[in-house]
file upload35.txt (compact mmCIF, C-alpha atoms and all ligand atoms)
# COMPACT_ATOMS: atom_id res chain seq x y z
CA MET A 1322 85.80 50.87 83.31
CA SER A 1323 85.03 50.62 79.62
CA ASN A 1324 87.31 53.43 78.49
CA THR A 1325 90.80 52.71 77.25
CA ASN A 1326 92.49 56.10 77.56
CA GLY A 1327 92.50 56.35 81.37
CA ILE A 1328 90.37 59.48 81.70
CA GLY A 1329 86.90 57.89 81.79
CA TRP A 1330 86.75 58.63 85.52
CA ILE A 1331 86.41 62.35 84.73
CA SER A 1332 83.04 62.02 83.00
CA GLU A 1333 81.87 59.81 85.86
CA GLU A 1334 82.92 62.43 88.42
CA ILE A 1335 81.23 65.18 86.41
CA ALA A 1336 78.01 63.16 86.27
CA ARG A 1337 78.22 62.78 90.07
CA LEU A 1338 78.65 66.55 90.53
CA LYS A 1339 75.54 67.13 88.43
CA GLU A 1340 73.53 64.53 90.39
CA ASN A 1341 74.48 66.19 93.68
CA GLY A 1342 73.74 69.73 92.52
CA LEU A 1343 77.43 70.67 92.85
CA TYR A 1344 78.18 71.26 89.17
CA ASN A 1345 79.37 74.80 88.32
CA THR A 1346 77.27 76.26 85.54
CA ILE A 1347 79.31 79.04 83.97
CA ARG A 1348 77.32 82.13 83.09
CA THR A 1349 78.62 84.14 80.15
CA ILE A 1350 78.56 87.94 80.32
CA GLU A 1351 77.97 89.52 76.91
CA SER A 1352 78.63 93.15 77.88
CA PRO A 1353 81.17 95.14 79.89
CA MET A 1354 81.15 94.31 83.60
CA ASP A 1355 79.01 97.00 85.21
CA ALA A 1356 75.95 97.65 87.39
CA TRP A 1357 73.92 96.14 84.55
CA VAL A 1358 75.21 93.26 82.43
CA THR A 1359 73.84 91.29 79.49
CA ILE A 1360 73.40 87.55 80.01
CA ASP A 1361 71.67 85.31 77.43
CA GLY A 1362 70.70 88.50 75.62
CA ARG A 1363 68.87 89.84 78.70
CA LYS A 1364 69.82 92.97 80.63
CA MET A 1365 70.37 91.97 84.24
CA LEU A 1366 70.90 94.02 87.38
CA ASN A 1367 74.26 92.79 88.65
CA PHE A 1368 74.88 92.09 92.34
CA CYS A 1369 77.40 89.34 91.76
CA ALA A 1370 80.73 90.93 90.94
CA ASN A 1371 83.67 92.05 93.08
CA ASN A 1372 83.54 95.32 91.15
CA TYR A 1373 83.23 97.31 94.39
CA LEU A 1374 84.10 100.71 92.94
CA GLY A 1375 82.72 100.30 89.44
CA LEU A 1376 86.22 100.56 87.93
CA THR A 1377 85.98 97.54 85.58
CA ASN A 1378 84.69 99.72 82.77
CA HIS A 1379 85.86 103.16 83.90
CA PRO A 1380 86.44 105.54 80.95
CA ARG A 1381 89.72 106.87 82.38
CA MET A 1382 91.11 103.38 82.85
CA ARG A 1383 90.06 102.31 79.35
CA LYS A 1384 91.81 105.37 77.99
CA ALA A 1385 94.96 104.77 80.06
CA ALA A 1386 95.17 101.17 78.82
CA GLN A 1387 94.73 102.27 75.20
CA ARG A 1388 97.34 105.02 75.55
CA GLU A 1389 100.00 102.72 77.02
CA ILE A 1390 99.26 99.99 74.46
CA ASP A 1391 100.12 102.55 71.78
CA LYS A 1392 103.39 103.27 73.58
CA TYR A 1393 104.47 99.84 74.85
CA GLY A 1394 102.36 97.23 73.02
CA ILE A 1395 100.54 94.43 74.81
CA GLY A 1396 102.69 91.76 76.41
CA PRO A 1397 105.90 91.91 78.43
CA GLY A 1398 107.27 88.84 76.65
CA ALA A 1399 109.16 87.55 79.67
CA VAL A 1400 109.09 86.81 83.36
CA ARG A 1401 109.84 89.76 85.64
CA SER A 1402 113.30 88.53 86.63
CA ILE A 1403 114.55 88.14 83.02
CA ALA A 1404 113.22 90.88 80.73
CA GLY A 1405 109.59 91.32 81.79
CA THR A 1406 110.04 94.27 84.16
CA MET A 1407 108.99 97.38 82.25
CA SER A 1408 109.05 100.93 83.58
CA LEU A 1409 105.26 100.71 83.96
CA HIS A 1410 105.56 97.80 86.42
CA VAL A 1411 108.06 99.73 88.50
CA GLU A 1412 105.84 102.81 88.43
CA LEU A 1413 102.77 100.82 89.55
CA GLU A 1414 104.69 99.28 92.45
CA LYS A 1415 106.02 102.67 93.56
CA ARG A 1416 102.57 104.24 93.33
CA LEU A 1417 100.89 101.39 95.24
CA ALA A 1418 103.47 101.56 98.04
CA GLU A 1419 102.94 105.32 98.37
CA PHE A 1420 99.16 104.96 98.22
CA LYS A 1421 99.18 102.37 100.98
CA HIS A 1422 101.86 104.14 103.07
CA ALA A 1423 103.93 100.95 102.88
CA GLU A 1424 107.71 100.66 102.69
CA ALA A 1425 107.63 98.70 99.43
CA CYS A 1426 105.41 96.78 97.04
CA ILE A 1427 105.74 93.97 94.48
CA THR A 1428 103.01 93.03 92.00
CA PHE A 1429 102.00 89.59 90.70
CA GLN A 1430 99.72 88.30 87.97
CA SER A 1431 96.89 87.79 90.47
CA GLY A 1432 96.11 87.72 94.16
CA PHE A 1433 96.20 83.95 93.93
CA ALA A 1434 99.73 84.12 92.53
CA ALA A 1435 100.75 86.57 95.27
CA ASN A 1436 99.81 84.05 97.97
CA ILE A 1437 101.42 81.13 96.15
CA ALA A 1438 104.58 83.24 95.80
CA THR A 1439 104.78 84.61 99.30
CA ILE A 1440 104.00 81.79 101.70
CA PRO A 1441 106.53 79.23 100.35
CA ALA A 1442 109.15 82.00 100.18
CA LEU A 1443 108.77 82.65 103.91
CA VAL A 1444 108.26 79.23 105.50
CA SER A 1445 109.16 75.64 104.68
CA ARG A 1446 109.46 72.19 106.24
CA GLY A 1447 109.95 72.42 110.01
CA ASP A 1448 108.22 75.81 110.22
CA ILE A 1449 104.74 76.59 111.57
CA ILE A 1450 101.84 78.52 110.04
CA PHE A 1451 98.96 79.71 112.24
CA SER A 1452 96.09 80.02 109.75
CA ASP A 1453 92.46 81.11 110.31
CA GLU A 1454 90.16 78.17 109.53
CA LEU A 1455 88.21 80.23 106.98
CA ASN A 1456 91.22 81.49 105.03
CA HIS A 1457 90.92 81.69 101.23
CA ALA A 1458 91.80 78.72 99.01
CA SER A 1459 94.90 80.47 97.66
CA ILE A 1460 96.27 80.83 101.21
CA ILE A 1461 95.55 77.17 101.86
CA ASP A 1462 97.33 76.18 98.64
CA GLY A 1463 100.26 78.46 99.44
CA CYS A 1464 100.51 76.89 102.90
CA ARG A 1465 100.47 73.37 101.43
CA LEU A 1466 103.12 74.25 98.85
CA SER A 1467 105.40 75.54 101.59
CA ARG A 1468 105.42 72.12 103.36
CA ALA A 1469 105.31 73.95 106.71
CA LYS A 1470 103.06 72.57 109.45
CA ILE A 1471 99.63 74.23 109.33
CA VAL A 1472 97.89 74.96 112.64
CA ARG A 1473 94.23 75.87 112.04
CA VAL A 1474 93.00 78.67 114.28
CA ASN A 1475 89.29 79.06 115.11
CA HIS A 1476 87.73 81.79 113.01
CA CYS A 1477 88.76 85.27 114.21
CA ASP A 1478 89.45 83.81 117.68
CA VAL A 1479 92.40 85.68 119.21
CA ASP A 1480 92.35 83.58 122.42
CA ASP A 1481 92.55 80.39 120.35
CA LEU A 1482 95.47 81.87 118.42
CA ARG A 1483 97.28 82.69 121.67
CA LYS A 1484 96.60 79.22 123.07
CA LYS A 1485 97.79 77.43 119.94
CA ILE A 1486 100.96 79.51 119.79
CA LYS A 1487 101.74 78.53 123.41
CA GLU A 1488 101.01 74.85 122.70
CA THR A 1489 103.40 74.75 119.76
CA THR A 1490 106.88 74.38 121.15
CA GLU A 1491 108.84 72.75 118.33
CA TYR A 1492 109.46 74.87 115.30
CA ASN A 1493 112.02 76.79 113.32
CA LYS A 1494 110.24 79.83 111.87
CA ARG A 1495 106.63 80.84 112.53
CA ILE A 1496 104.07 83.03 110.75
CA ILE A 1497 100.45 84.08 111.36
CA ILE A 1498 98.23 84.30 108.27
CA THR A 1499 94.67 85.61 108.08
CA ASP A 1500 92.21 86.91 105.52
CA GLY A 1501 91.36 90.57 106.12
CA VAL A 1502 87.72 90.54 105.00
CA PHE A 1503 86.11 87.08 104.90
CA SER A 1504 84.24 87.11 101.63
CA MET A 1505 81.38 84.74 102.45
CA ASP A 1506 80.22 86.58 105.60
CA GLY A 1507 81.66 90.05 105.09
CA ASP A 1508 83.24 90.10 108.56
CA ILE A 1509 86.64 91.68 109.24
CA ALA A 1510 89.53 89.96 111.04
CA PRO A 1511 90.39 91.65 114.40
CA LEU A 1512 93.77 92.56 112.95
CA ASP A 1513 94.69 94.98 115.75
CA LYS A 1514 94.34 92.22 118.35
CA ILE A 1515 96.04 89.63 116.12
CA CYS A 1516 98.88 92.11 115.65
CA ASP A 1517 99.28 92.45 119.45
CA VAL A 1518 99.58 88.65 119.76
CA ALA A 1519 102.06 88.52 116.88
CA GLU A 1520 104.21 91.16 118.58
CA GLU A 1521 104.00 89.48 122.00
CA HIS A 1522 105.58 86.38 120.45
CA GLY A 1523 107.79 88.00 117.80
CA ILE A 1524 105.92 86.25 114.98
CA PRO A 1525 105.54 87.97 111.58
CA LEU A 1526 101.96 88.71 110.50
CA MET A 1527 100.57 88.30 106.98
CA VAL A 1528 97.08 89.53 106.06
CA ASP A 1529 95.33 88.84 102.75
CA ASP A 1530 93.27 91.95 102.12
CA ALA A 1531 91.75 90.94 98.77
CA HIS A 1532 88.25 92.14 99.68
CA GLY A 1533 89.55 95.11 101.67
CA GLU A 1534 91.83 96.57 99.00
CA GLY A 1535 90.07 99.68 97.68
CA VAL A 1536 87.30 99.14 100.25
CA LEU A 1537 88.66 99.47 103.81
CA GLY A 1538 90.78 102.27 105.22
CA LYS A 1539 90.96 105.92 104.21
CA GLY A 1540 90.01 106.17 100.54
CA GLY A 1541 90.38 102.40 100.11
CA ARG A 1542 93.96 102.11 101.42
CA GLY A 1543 93.23 98.69 102.89
CA ILE A 1544 92.98 96.89 106.21
CA VAL A 1545 96.37 97.96 107.60
CA ASP A 1546 95.27 101.58 107.16
CA HIS A 1547 91.79 100.76 108.55
CA PHE A 1548 93.32 99.62 111.86
CA ASP A 1549 96.20 102.14 111.64
CA LEU A 1550 98.80 99.38 111.86
CA HIS A 1551 101.32 100.92 109.47
CA GLY A 1552 104.78 99.43 110.01
CA ARG A 1553 103.42 96.66 112.29
CA VAL A 1554 102.11 94.20 109.68
CA GLN A 1555 105.04 92.77 107.75
CA ILE A 1556 103.09 91.34 104.80
CA GLU A 1557 99.87 92.67 103.27
CA ILE A 1558 98.59 90.75 100.25
CA GLY A 1559 96.20 92.57 97.97
CA THR A 1560 94.44 92.09 94.69
CA LEU A 1561 94.00 94.36 91.69
CA SER A 1562 91.20 92.08 90.44
CA LYS A 1563 88.39 93.21 92.75
CA ALA A 1564 87.87 96.86 93.76
CA PHE A 1565 90.68 97.89 91.40
CA GLY A 1566 88.64 96.48 88.53
CA VAL A 1567 91.56 94.97 86.57
CA VAL A 1568 93.53 91.81 87.32
CA GLY A 1569 96.71 91.36 89.33
CA GLY A 1570 98.01 90.89 92.85
CA LEU A 1571 100.34 92.71 95.18
CA VAL A 1572 102.39 92.29 98.30
CA SER A 1573 103.14 95.41 100.30
CA GLY A 1574 104.90 95.94 103.58
CA ASP A 1575 108.41 95.39 104.85
CA LYS A 1576 111.00 96.19 102.17
CA SER A 1577 113.22 93.21 102.95
CA ILE A 1578 110.27 90.91 102.22
CA VAL A 1579 109.60 92.60 98.88
CA GLU A 1580 113.29 92.28 98.02
CA TRP A 1581 113.22 88.60 99.05
CA LEU A 1582 110.21 87.96 96.78
CA HIS A 1583 112.22 89.37 93.86
CA GLN A 1584 114.66 86.53 94.57
CA ARG A 1585 112.35 83.73 95.71
CA GLY A 1586 108.73 84.45 94.70
CA ARG A 1587 108.26 81.66 92.18
CA PRO A 1588 105.45 83.26 90.09
CA PHE A 1589 107.73 86.33 89.79
CA LEU A 1590 110.61 84.17 88.54
CA PHE A 1591 108.75 81.58 86.48
CA SER A 1592 105.53 83.14 85.16
CA SER A 1593 105.33 86.15 82.83
CA ALA A 1594 104.64 89.65 84.10
CA MET A 1595 101.30 91.51 84.14
CA THR A 1596 100.39 92.84 80.68
CA ILE A 1597 100.73 96.50 79.67
CA PRO A 1598 96.98 97.34 79.55
CA ASP A 1599 96.50 95.77 82.99
CA VAL A 1600 99.35 97.74 84.54
CA ALA A 1601 98.34 101.00 82.85
CA ALA A 1602 94.73 100.62 84.04
CA CYS A 1603 95.91 99.87 87.59
CA ILE A 1604 98.07 103.01 87.67
CA GLU A 1605 95.03 105.02 86.58
CA ALA A 1606 92.98 103.35 89.33
CA VAL A 1607 95.54 104.60 91.88
CA ASN A 1608 95.22 108.09 90.35
CA ILE A 1609 91.44 107.94 90.70
CA LEU A 1610 91.60 106.73 94.31
CA GLU A 1611 94.22 109.31 95.29
CA GLU A 1612 92.19 112.16 93.84
CA SER A 1613 89.01 111.52 95.77
CA ASN A 1614 87.23 109.27 98.29
CA GLU A 1615 83.99 109.63 96.35
CA LEU A 1616 83.77 106.07 95.00
CA VAL A 1617 84.74 104.44 98.29
CA ASP A 1618 82.21 106.58 100.17
CA LYS A 1619 79.49 105.69 97.67
CA LEU A 1620 80.27 101.98 97.99
CA TRP A 1621 79.80 102.12 101.77
CA LYS A 1622 76.68 104.27 101.49
CA ASN A 1623 75.16 101.79 99.02
CA GLY A 1624 76.19 98.77 101.11
CA ASN A 1625 74.76 100.21 104.32
CA TYR A 1626 71.53 101.27 102.63
CA PHE A 1627 71.06 97.80 101.13
CA LYS A 1628 71.86 96.02 104.40
CA ASP A 1629 69.62 98.25 106.54
CA SER A 1630 66.71 97.99 104.10
CA MET A 1631 66.96 94.20 103.94
CA GLN A 1632 67.02 94.03 107.73
CA GLU A 1633 63.94 96.26 107.98
CA MET A 1634 62.11 93.90 105.63
CA GLY A 1635 62.93 91.03 107.97
CA PHE A 1636 65.80 89.31 106.18
CA ASP A 1637 68.68 87.82 108.17
CA VAL A 1638 71.81 89.49 106.81
CA GLY A 1639 74.32 87.82 109.13
CA GLN A 1640 77.29 89.56 110.71
CA SER A 1641 78.67 91.59 107.82
CA THR A 1642 80.49 94.81 108.63
CA THR A 1643 81.41 95.49 104.99
CA PRO A 1644 79.46 96.13 101.73
CA ILE A 1645 79.16 92.33 101.27
CA VAL A 1646 75.61 91.34 102.28
CA PRO A 1647 74.97 87.63 102.91
CA VAL A 1648 71.23 86.96 102.80
CA MET A 1649 71.00 83.92 105.08
CA LEU A 1650 68.49 81.31 103.89
CA GLY A 1651 69.52 78.09 105.63
CA GLU A 1652 69.15 75.05 103.40
CA ALA A 1653 70.74 74.83 99.95
CA PRO A 1654 67.57 74.10 97.90
CA LEU A 1655 65.91 77.29 99.20
CA ALA A 1656 69.00 79.37 98.38
CA GLN A 1657 69.19 77.85 94.90
CA LYS A 1658 65.46 78.42 94.32
CA PHE A 1659 65.80 82.01 95.55
CA SER A 1660 68.72 82.67 93.21
CA GLU A 1661 66.81 81.18 90.25
CA ARG A 1662 63.79 83.37 90.99
CA LEU A 1663 66.05 86.45 91.23
CA PHE A 1664 67.51 85.53 87.85
CA GLU A 1665 64.03 85.22 86.34
CA GLU A 1666 63.32 88.74 87.62
CA ASN A 1667 66.56 89.96 85.94
CA LEU A 1668 68.59 90.23 89.12
CA PHE A 1669 71.94 88.46 89.09
CA ALA A 1670 73.02 87.34 92.60
CA MET A 1671 74.48 83.92 93.33
CA SER A 1672 73.50 81.36 95.90
CA ILE A 1673 76.39 80.04 97.94
CA VAL A 1674 76.01 76.57 99.43
CA PHE A 1675 78.03 73.76 101.00
CA PRO A 1676 80.99 73.15 100.69
CA THR A 1677 81.80 76.86 100.19
CA VAL A 1678 79.86 77.62 103.40
CA PRO A 1679 78.83 75.18 106.19
CA ARG A 1680 75.70 73.00 105.76
CA GLY A 1681 72.55 74.83 106.87
CA LYS A 1682 74.19 78.21 106.17
CA ALA A 1683 73.26 78.55 102.50
CA ARG A 1684 72.75 82.10 101.37
CA ILE A 1685 72.50 84.58 98.55
CA ARG A 1686 75.58 86.76 98.57
CA VAL A 1687 74.84 90.33 97.50
CA MET A 1688 77.88 92.26 96.30
CA ASN A 1689 77.27 95.99 96.49
CA SER A 1690 79.10 98.44 94.29
CA ALA A 1691 79.60 102.16 93.83
CA ALA A 1692 78.39 101.48 90.28
CA HIS A 1693 74.81 101.02 91.50
CA SER A 1694 72.47 104.01 91.39
CA GLN A 1695 69.83 104.64 94.04
CA ASP A 1696 67.28 103.40 91.50
CA ASP A 1697 69.25 100.16 91.00
CA LEU A 1698 69.29 99.55 94.76
CA ASP A 1699 65.57 100.23 95.13
CA LYS A 1700 64.76 97.95 92.19
CA ALA A 1701 66.83 95.15 93.71
CA LEU A 1702 65.25 95.60 97.15
CA GLU A 1703 61.77 95.43 95.63
CA ILE A 1704 62.65 92.16 93.85
CA PHE A 1705 64.10 90.70 97.08
CA LYS A 1706 60.96 91.70 98.95
CA ASN A 1707 58.60 90.08 96.46
CA ILE A 1708 60.55 86.83 96.22
CA GLY A 1709 61.15 86.77 99.98
CA LYS A 1710 57.38 86.86 100.51
CA GLU A 1711 56.69 84.39 97.70
CA LEU A 1712 59.08 81.85 99.20
CA GLY A 1713 58.00 82.49 102.80
CA VAL A 1714 61.35 83.87 103.92
CA ILE A 1715 59.92 87.14 105.25
C1 LIG A 1801 89.76 86.78 95.50
C2 LIG A 1801 90.78 86.45 96.50
C3 LIG A 1801 92.07 86.10 96.11
C4 LIG A 1801 92.44 85.94 94.68
O1 LIG A 1801 92.61 87.16 94.03
P1 LIG A 1801 92.76 87.19 92.43
O2 LIG A 1801 93.43 88.46 92.14
O3 LIG A 1801 91.39 87.07 91.87
O4 LIG A 1801 93.60 85.99 92.08
C5 LIG A 1801 93.00 85.86 97.09
N1 LIG A 1801 92.69 85.95 98.40
C6 LIG A 1801 91.45 86.28 98.82
C7 LIG A 1801 91.17 86.39 100.27
C8 LIG A 1801 90.45 86.53 97.88
O5 LIG A 1801 89.23 86.85 98.30
call {"tool": "encode", "arguments": {"input": "upload35.txt", "output": "structure tokens"}}
result
Amino acid sequence: MSNTNGIGWISEEIARLKENGLYNTIRTIESPMDAWVTIDGRKMLNFCANNYLGLTNHPRMRKAAQREIDKYGIGPGAVRSIAGTMSLHVELEKRLAEFKHAEACITFQSGFAANIATIPALVSRGDIIFSDELNHASIIDGCRLSRAKIVRVNHCDVDDLRKKIKETTEYNKRIIITDGVFSMDGDIAPLDKICDVAEEHGIPLMVDDAHGEGVLGKGGRGIVDHFDLHGRVQIEIGTLSKAFGVVGGLVSGDKSIVEWLHQRGRPFLFSSAMTIPDVAACIEAVNILEESNELVDKLWKNGNYFKDSMQEMGFDVGQSTTPIVPVMLGEAPLAQKFSERLFEENLFAMSIVFPTVPRGKARIRVMNSAAHSQDDLDKALEIFKNIGKELGVI
């Protein structure tokens, strides 16, 4: 290597990513996040965001953030366990626990941080984690950090879970961890059945409901509410960064676990608290969700309309049972071409290819939102139809 500072390998790796079509090009959004966004000066119809309920730019949440900034300023100036716990944080946690009918709740800076905090606090070397093979990267990282043994369970396969639990005879503590909604396919973990297995064996159950928070359950109360498993799932991870439209993470469930995370959740102890505008906006989001199911109902109505219409046109929309619609295209170049053509027609929806999904399962992932109007949906469907025909997909 010709370089002398030891980091020449990075440019070589980046060049390789570009050669293999794996380089992340970062799009810059020049407007608020909404049903329509501005990119490169162009107004684009947005089907890319996790903004399920259209709360990212909600007037009441903007106002709540502004109001609390005037009262409390911007930053907490400390980690939660030293001086960073403000009355707003405590209020948000109380409100979230009530909203979700959970015993207790603790918030983190993100859903990612919530997983990194929780898993190593509950298991360590000599312990066993039963983890769905398609679990999110932050669960995988949390599992690795814990140093516990990771047993991969076939995707949503309750019999495989049962079998692997029986096969594993040497352990100290055990835990079962699964995503709630799997974001690439939009399928939902069979949490009721997983919960039965967990109870048969006396193993605690942790579900990461990032894509179900604000989406599943009555009025968006999440996957535990969806399956009516209140009091039976010890740990429910959630995010405030998707349907809630802000940024942050939460753990709700058993109160001893929340209390333990105050003592041992490393991002709680060693990384500063959520900021005031974030917390204030999240409290307002809870207010909005508690007042009415309107946004959640609209999200599902939009998602079902989009999915049904795509199916009628002849698209393969996979196995989704949520407002996430994977438009299955097969090979990566077709998915990338499709996404580029959508972009040219002012529709923003990303292609998702290997290694995020298996080879041969490339797709466009359509993220529906309550923010979309009927006209937005019909416009998008028309664009999909035209490009689908042009590229010989339908
Ligand atoms: C998005 C996501 C996260 C991360 O949430 P952030 O709040 O964005 O950090 C964690 N787990 C799952 C399953 C997710 O989909």
call {"tool": "residues_around", "arguments": {"input": "upload35.txt", "residues": "A:Lys1484", "least_positions_apart": "2", "cutoff": "12 Å", "atoms": "only C-alpha atoms", "output": "VMD selection string"}}
result
chain A and resid 1451 1472 to 1475 1478 to 1482 1486 to 1490 1518 1522
call {"tool": "closest_residue", "arguments": {"input": "upload35.txt", "among": "A:Arg1465, A:His1422, A:Lys1706, A:Lys1619", "to": "A:Gly1574", "atoms": "all atoms listed in the file"}}
result
A:His1422
call {"tool": "closest_atom_pairs", "arguments": {"input": "upload35.txt", "of": "chain A", "to": "ligand LIG 1801 (chain A)", "cutoff": "9 Å", "atoms": "only C-alpha atoms and all ligand atoms", "output": "CSV"}}
result
residue,atom,partner,partner_atom,distance
A:Asn1371,CA,A:LIG1801,C1,8.4
A:Phe1429,CA,A:LIG1801,O2,8.8
A:Gln1430,CA,A:LIG1801,O2,7.5
A:Ser1431,CA,A:LIG1801,O2,3.9
A:Gly1432,CA,A:LIG1801,O2,3.4
A:Phe1433,CA,A:LIG1801,O4,3.8
A:Ala1434,CA,A:LIG1801,O4,6.4
A:Ala1435,CA,A:LIG1801,O4,7.9
A:Asn1436,CA,A:LIG1801,C5,7.1
A:Asn1456,CA,A:LIG1801,C7,6.8
A:His1457,CA,A:LIG1801,C7,4.8
A:Ala1458,CA,A:LIG1801,N1,7.3
A:Ser1459,CA,A:LIG1801,C5,5.7
A:Ile1460,CA,A:LIG1801,N1,6.9
A:Thr1499,CA,A:LIG1801,C7,8.6
A:Asp1500,CA,A:LIG1801,C7,5.4
A:Gly1501,CA,A:LIG1801,C7,7.2
A:Val1502,CA,A:LIG1801,C7,7.2
A:Phe1503,CA,A:LIG1801,C7,6.9
A:Ser1504,CA,A:LIG1801,O5,6.0
A:Val1528,CA,A:LIG1801,C7,8.8
A:Asp1529,CA,A:LIG1801,C7,5.4
A:Asp1530,CA,A:LIG1801,C7,6.2
A:Ala1531,CA,A:LIG1801,C6,4.7
A:His1532,CA,A:LIG1801,O5,5.6
A:Gly1533,CA,A:LIG1801,O5,8.9
A:Ile1558,CA,A:LIG1801,N1,7.8
A:Gly1559,CA,A:LIG1801,C5,7.5
A:Thr1560,CA,A:LIG1801,O2,4.5
A:Leu1561,CA,A:LIG1801,O2,5.9
A:Ser1562,CA,A:LIG1801,O2,4.6
A:Lys1563,CA,A:LIG1801,O3,6.9
A:Val1567,CA,A:LIG1801,O2,8.8
A:Val1568,CA,A:LIG1801,O2,5.9
A:Gly1569,CA,A:LIG1801,O2,5.2
A:Gly1570,CA,A:LIG1801,O2,5.2
A:Leu1571,CA,A:LIG1801,O2,8.7
call {"tool": "write_last_selection", "arguments": {"input": "upload35.txt", "atoms": "C-alpha atoms", "output": "short mmCIF file (atom, residue, chain, number, x, y, z; two decimals), in the coordinates of the input"}}
result
data_model
loop_
_atom_site.label_atom_id
_atom_site.label_comp_id
_atom_site.auth_asym_id
_atom_site.auth_seq_id
_atom_site.Cartn_x
_atom_site.Cartn_y
_atom_site.Cartn_z
CA ASN A 1371 83.67 92.05 93.08
CA PHE A 1429 102.00 89.59 90.70
CA GLN A 1430 99.72 88.30 87.97
CA SER A 1431 96.89 87.79 90.47
CA GLY A 1432 96.11 87.72 94.16
CA PHE A 1433 96.20 83.95 93.93
CA ALA A 1434 99.73 84.12 92.53
CA ALA A 1435 100.75 86.57 95.27
CA ASN A 1436 99.81 84.05 97.97
CA ASN A 1456 91.22 81.49 105.03
CA HIS A 1457 90.92 81.69 101.23
CA ALA A 1458 91.80 78.72 99.01
CA SER A 1459 94.90 80.47 97.66
CA ILE A 1460 96.27 80.83 101.21
CA THR A 1499 94.67 85.61 108.08
CA ASP A 1500 92.21 86.91 105.52
CA GLY A 1501 91.36 90.57 106.12
CA VAL A 1502 87.72 90.54 105.00
CA PHE A 1503 86.11 87.08 104.90
CA SER A 1504 84.24 87.11 101.63
CA VAL A 1528 97.08 89.53 106.06
CA ASP A 1529 95.33 88.84 102.75
CA ASP A 1530 93.27 91.95 102.12
CA ALA A 1531 91.75 90.94 98.77
CA HIS A 1532 88.25 92.14 99.68
CA GLY A 1533 89.55 95.11 101.67
CA ILE A 1558 98.59 90.75 100.25
CA GLY A 1559 96.20 92.57 97.97
CA THR A 1560 94.44 92.09 94.69
CA LEU A 1561 94.00 94.36 91.69
CA SER A 1562 91.20 92.08 90.44
CA LYS A 1563 88.39 93.21 92.75
CA VAL A 1567 91.56 94.97 86.57
CA VAL A 1568 93.53 91.81 87.32
CA GLY A 1569 96.71 91.36 89.33
CA GLY A 1570 98.01 90.89 92.85
CA LEU A 1571 100.34 92.71 95.18
#
call {"tool": "atom_distance", "arguments": {"input": "upload35.txt", "atom1": "atom CA of A:Met1631", "atom2": "atom CA of A:Asp1453"}}
result
29.4 Å
call {"tool": "closest_residue", "arguments": {"input": "upload35.txt", "among": "A:Ile1331, A:Val1678, A:Cys1516, A:Ala1386", "to": "A:Ala1602", "atoms": "only C-alpha atoms"}}
result
A:Ala1386
call {"tool": "residues_around", "arguments": {"input": "upload35.txt", "residues": "A:Lys1622", "least_positions_apart": "5", "cutoff": "12 Å", "atoms": "only C-alpha atoms", "output": "list in words"}}
result
Tyr1373, Leu1374, Val1536, Glu1615, Leu1616, Val1617, Phe1627, Lys1628, Asp1629, Thr1643, Pro1644, Asn1689, Ser1690, Ala1691, Ala1692, His1693, Ser1694, Gln1695 and Leu1698 of chain A
call {"tool": "atom_distance", "arguments": {"input": "upload35.txt", "atom1": "atom CA of A:Gly1586", "atom2": "atom CA of A:Ala1438"}}
result
4.5 Å
call {"tool": "closest_residue", "arguments": {"input": "upload35.txt", "among": "A:Pro1525, A:Arg1542, A:Asp1391, A:Val1411", "to": "A:Ile1427", "atoms": "only C-alpha atoms"}}
result
A:Val1411
call {"tool": "atom_distance", "arguments": {"input": "upload35.txt", "atom1": "atom CA of A:Tyr1344", "atom2": "atom CA of A:Cys1369"}}
result
18.3 Å
call {"tool": "closest_residue", "arguments": {"input": "upload35.txt", "among": "A:Glu1340, A:Glu1333, A:Glu1414, A:Asp1361", "to": "A:Met1595", "atoms": "all atoms listed in the file"}}
result
A:Glu1414
call {"tool": "axis_aligned_box", "arguments": {"input": "upload35.txt", "around": "stretch 1524-1541 of chain A", "padding_each_side": "4 Å", "output": "lines of an AutoDock Vina configuration file"}}
result
center_x = 96.6
center_y = 96.2
center_z = 106.3
size_x = 26.6
size_y = 27.9
size_z = 25.3
call {"tool": "closest_residue", "arguments": {"input": "upload35.txt", "among": "A:Ile1498, A:Ala1601, A:Met1527, A:Cys1477", "to": "A:Pro1511", "atoms": "only C-alpha atoms"}}
result
A:Cys1477
call {"tool": "closest_residue", "arguments": {"input": "upload35.txt", "among": "A:Val1607, A:Met1365, A:Ile1524, A:Ile1328", "to": "A:Glu1666", "atoms": "only C-alpha atoms"}}
result
A:Met1365
call {"tool": "residues_around", "arguments": {"input": "upload35.txt", "residues": "A:Cys1464", "least_positions_apart": "3", "cutoff": "10 Å", "atoms": "all atoms listed in the file", "output": "NGL selection string"}}
result
:A and (1436-1437 or 1439-1441 or 1444-1445 or 1449-1452 or 1458-1461 or 1467-1471 or 1498)
